[in-house]
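One structure below.
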Amino acid sequence: MINKIVVLACLSFMTLVSCAQNNVQNYEGEWIGFLPNKRSFNFQVSLEKLDRNTYNLTIDNGKTLFNEHVLSSEDSKIHFNLDQQLFFNLEYNQKQEALTGYIKTGKFFYYVSLKEVGGNKFTGTWNPFMLDNGLQSDDIMLYVENTEGGNLAAYPFFGDQRFRGTWTSGFERKGETLLFRDGNTGFNFRAKLLKNTIELEILLADAFITKTSLKHTTDGWDYNRDEVDQSQNTNTPAQLNDGWATANIKDYGIDEHQLLRLIDSVHSSNTLVNTHSVLITKQNKLVFENYYDGFNAQIPHDLRSASKSISSAIIGIAIDDKIIESVDEKLYDYIPEEYQYTRDALKSKITIKDLLTMSSGLDVNNKAAEDTYQDSRYSNNWLKTVLEASMVKEPGTYADYGSANPFLLGVYLNERLEIPLESYMHEKLFAPLGINNYINQTDDTENNPYFGGGMLLTPRDLLKFGQLYLNNGLWNGKQIISETWVKESVAKHVQLQDVQDKNEYGYFWWHDTYAINGKSIKCIEARGAGGQFIFIIPELESVVVMTTGNFRNRRGNQPRDILKEYILPALLN
C-alpha cells in the first residue's frame, strides 16, 4: 500500500512538473510588428523662461511627452537633466534670439538650435533618429534570445535602414516584463511578454513615445518601406544658405555623360548598391549633388572612421591655440592619474605624433582593437583595456591602423581643456564652417566625444571639411586651421602595414593614386567603414564626398570604384 502511494505521488509530481514546463513560454526568435506613426521620433522642443533659472520644458511628437518645470544649475546657461537620462546644455547666442547647444541621450550629443518665438519662449526640432522626414518604414522587428540563468535579451531592428540602429543592453526581467535600454539613443524599451504576443513600448526617459504589438515569425524578416520621391540629375545644386556657392558642371567643362552614366548605374546595376550620396566641388563651387535611398541634404550620415580626419583637425587647432605644445608631447603626460599604473618603458615614449600616424606600437589588432575594448564581454572600461594592452612595436617605428590611437588622443585633449571637448569642437571647427546639424558620439563614459569614429554629419557639411583642407585651412576667406597644420597633417608620414594596399598615411589622412587614361591622379582621403569617403584632389581643384551603406557586404570601397570609373573621367574631360 505504501509503495502504491509513493508511486502515485511520484507520478503526480512528474505530471505537475511536466505541466509547468509546458506552460513556460519560449520567446526566443524573431517577433515582428508595425509602428503606428512613422513620425513618432520627430520631436518639437520648447523652453519658456519663467524666472532667473526656471524654465518650462515641453517635448512633443504630435502628443505631449514632457510638460514640466525645470531648474537650470546655472544662471547664464541652461543646464539640467531629467532622471539622469536626458541632458540639456544650452546657452543664449550673442543676440539673445536663440538657444544653442546640446541635448544628450545615451552616447549621442545632438547639436540643436531653439529660436525665440516671443514671450521668452524658444522652440526648435530634435530628431533622435536624424531623419527629418520621418521613418520610411513602419516595420519593426525584435530578436529575442535566451541567456544564462534563464534570462532574456532583446534587440530591436527598425525597418528604415537609414537609422544607425540600436545597441541594447541592461536587460532586466520583472515578472512578464523585460526592460532594456538602447545605449546609442538612450531610449528605454519595455517588452510585455504575453501568451501569443509581445507588447513593445518605447520611452524617452520615463515618457511614453510609442508602442506596438509583435507576433512571432519563423519566416524571416524582409522590411517594407515607402519610397521617397526624389530624382537625380546634373542640374545646378540648390542654394541652401549654408555657405556653399553652387554652379553648373557645364561652367567647368565637366563631362555630363559620365555623371549621367553614374546616376543610371546606381539605379540599374547590382554593383553600386546602397549608394546614399555623391557630391562634387570644382574651384570652391558645389557643382554636383545627388541623394539616393531616401537620404537628403538635411540628414546627417554615419561617418564611421571618416571622422578620424576631423579628430586630427581638432588636435591641430589645439596646437594652433597652444593648448598642446607640439606633436612631440608625450601621451602619458596627460593620462588621468588612475591609469598611470599602465605606464612602462615603451608606453612612456608614445607621442601625439605616434598616435596621429597609427604608430603608437600598441597591440591594436588584439586587446587594443576596437572590437575588443568596445565589447562588454572583454571590457568594462575602454580606456583601461586599451592602456593595459601590450606593446608590440617601438613607438614611431611601425604603423598598424587601429582606432585605439585616435581614441587616446580624444582622452588626452579632454584632459587639457577647460571647457567640454564637444563645446571646443563646435566653437573652433563646426561653428566657423556653419555646421549645426550633427551628432557627436561619446565613448563608454557617455561624457567625452569618441575620436575613434562616431560623428554624424550631412554630406554637404562633410564636403566643407574637405574643401577646408583643399584650401589650406581657409573657408570663405576665414583661416580656421593654420596652413602649417594642414600641410603637416596631409603629408606622407608613414606607410600602413596592416592594410592591403600599404597606403602612405598622414595624420589620419590616407593617400592613394588612381590611373585614368594613362594619367595618375593623386588623392588625399578620409575613409570610413561602409563607404564614407572624402576625396581631396588638389590637381583638379576638386573635392568629392560619397556616403554609402555597405557595412556588411564587403563593398566598403565602392566609392573608390565610382571615383575611378565615373567621376575622375568626368573631371578630366
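By order of appearance in the C-alpha cells: chains A, B, ..., then residues from 1 within every chain, and ligands from 1 in the order shown.
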Open item on the list: List the spatial neighbours of Ile521 (chain A) as a list in words - criterion: any atom at most 12 Å away, only C-alpha atoms, same-chain residues fewer than 3 positions off excluded.
Closed with: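 Non-adjacent residues within range: His511, Asp512, Thr513, Tyr514, Ala515, Ile516, Asn517, Gly518, Ile524, Phe535, Ile536, Ile537, Pro538, Glu539, Leu540, Glu541, Ser542, Leu563, Lys564, Ile567, Leu568, Pro569, Leu571 and Leu572 of chain A.
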Open item on the list: Could you list, as a PyMOL selection string, every residue within 12 Å of Ala154 (chain A), counting only C-alpha atoms and ignoring same-chain residues fewer than 2 positions away?
Closed with: chain A and resi 27-31+141-147+151-152+156-157+166-173+177-182+189-193+198+200
TODO: Write out as a PyMOL selection string each polymer residue whose atoms come within 8 Å of Lys428 (chain A), counting only C-alpha atoms; drop sequence neighbours fewer than 2 positions from it.
DONE: chain A and resi 314+317+424-426+430-432+480
Based on the selection just made, write N, CA and C atoms of those residues as an mmCIF file, in the first residue's frame.
```cif
data_model
loop_
_atom_site.group_PDB
_atom_site.id
_atom_site.type_symbol
_atom_site.label_atom_id
_atom_site.label_comp_id
_atom_site.auth_asym_id
_atom_site.auth_seq_id
_atom_site.Cartn_x
_atom_site.Cartn_y
_atom_site.Cartn_z
ATOM 1 N N ILE A 314 40.982 68.740 -35.031
ATOM 2 C CA ILE A 314 40.799 69.297 -33.688
ATOM 3 C C ILE A 314 42.134 69.327 -32.933
ATOM 4 N N ILE A 317 44.039 72.257 -34.302
ATOM 5 C CA ILE A 317 43.532 73.528 -33.779
ATOM 6 C C ILE A 317 44.018 73.738 -32.346
ATOM 7 N N TYR A 424 34.369 72.675 -27.389
ATOM 8 C CA TYR A 424 35.579 73.152 -28.072
ATOM 9 C C TYR A 424 35.516 72.821 -29.561
ATOM 10 N N MET A 425 35.093 71.624 -29.890
ATOM 11 C CA MET A 425 34.980 71.212 -31.285
ATOM 12 C C MET A 425 34.007 72.109 -32.035
ATOM 13 N N HIS A 426 32.891 72.419 -31.383
ATOM 14 C CA HIS A 426 31.893 73.254 -32.058
ATOM 15 C C HIS A 426 32.413 74.679 -32.236
ATOM 16 N N PHE A 430 33.212 73.445 -36.062
ATOM 17 C CA PHE A 430 31.886 73.310 -36.655
ATOM 18 C C PHE A 430 31.193 74.661 -36.857
ATOM 19 N N ALA A 431 31.196 75.510 -35.838
ATOM 20 C CA ALA A 431 30.534 76.812 -35.971
ATOM 21 C C ALA A 431 31.153 77.660 -37.077
ATOM 22 N N PRO A 432 32.486 77.794 -37.164
ATOM 23 C CA PRO A 432 33.069 78.570 -38.265
ATOM 24 C C PRO A 432 32.734 78.028 -39.653
ATOM 25 N N ILE A 480 40.565 78.960 -40.541
ATOM 26 C CA ILE A 480 40.028 78.175 -39.424
ATOM 27 C C ILE A 480 41.089 77.257 -38.830
#
```
Open item on the list: Using only C-alpha atoms, can you tell me which of A:Lys63, A:Lys95, A:Lys384, A:Lys308 comes closest to Arg39 (chain A)?
Closed with: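 Residue with the minimum atom-to-atom distance to Arg39 (chain A): A:Lys63.
You can rank A:Arg261, A:Lys367, A:Lys107, A:Lys349 by their closest distance to Phe187 (chain A) using only C-alpha atoms, and at the top of that list sits A:Lys107.
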Open item on the list: Applying 10 Å and only C-alpha atoms, which residues near Asn405 (chain A) remain after dropping the ones on its own chain fewer than 4 positions away? List them as a ChimeraX atom specification.
Closed with: /A:308,352,354-362,364,368-369,386,400-401,409-410,451-452,508
- [ ] Looking only at helix (DSSP H, G or I) from DSSP on the backbone, list the matching residues of region 213-367 of chain A as a PyMOL selection string.
- [x] chain A and resi 249-252+256-268+304-320+331-334+337-342+347-349+352-356
Open item on the list: Env of Tyr55 (chain A): 6 Å cut, atoms = only C-alpha atoms, seq-sep filter 5 positions within chain, self excluded. Answer as a list in words.
Closed with: Glu48, Lys49, Leu50, His69 and Val70 of chain A
Dump as a PDB file, in the first residue's frame, selection limited to C-alpha atoms:
```pdb
ATOM      1  CA  GLU A  48       9.958  79.040 -21.851  1.00  0.00           C
ATOM      2  CA  LYS A  49      11.831  81.147 -19.324  1.00  0.00           C
ATOM      3  CA  LEU A  50       9.779  81.702 -16.178  1.00  0.00           C
ATOM      4  CA  HIS A  69       9.187  72.980 -14.894  1.00  0.00           C
ATOM      5  CA  VAL A  70      12.958  72.501 -14.852  1.00  0.00           C
TER       6      VAL A  70
END
```
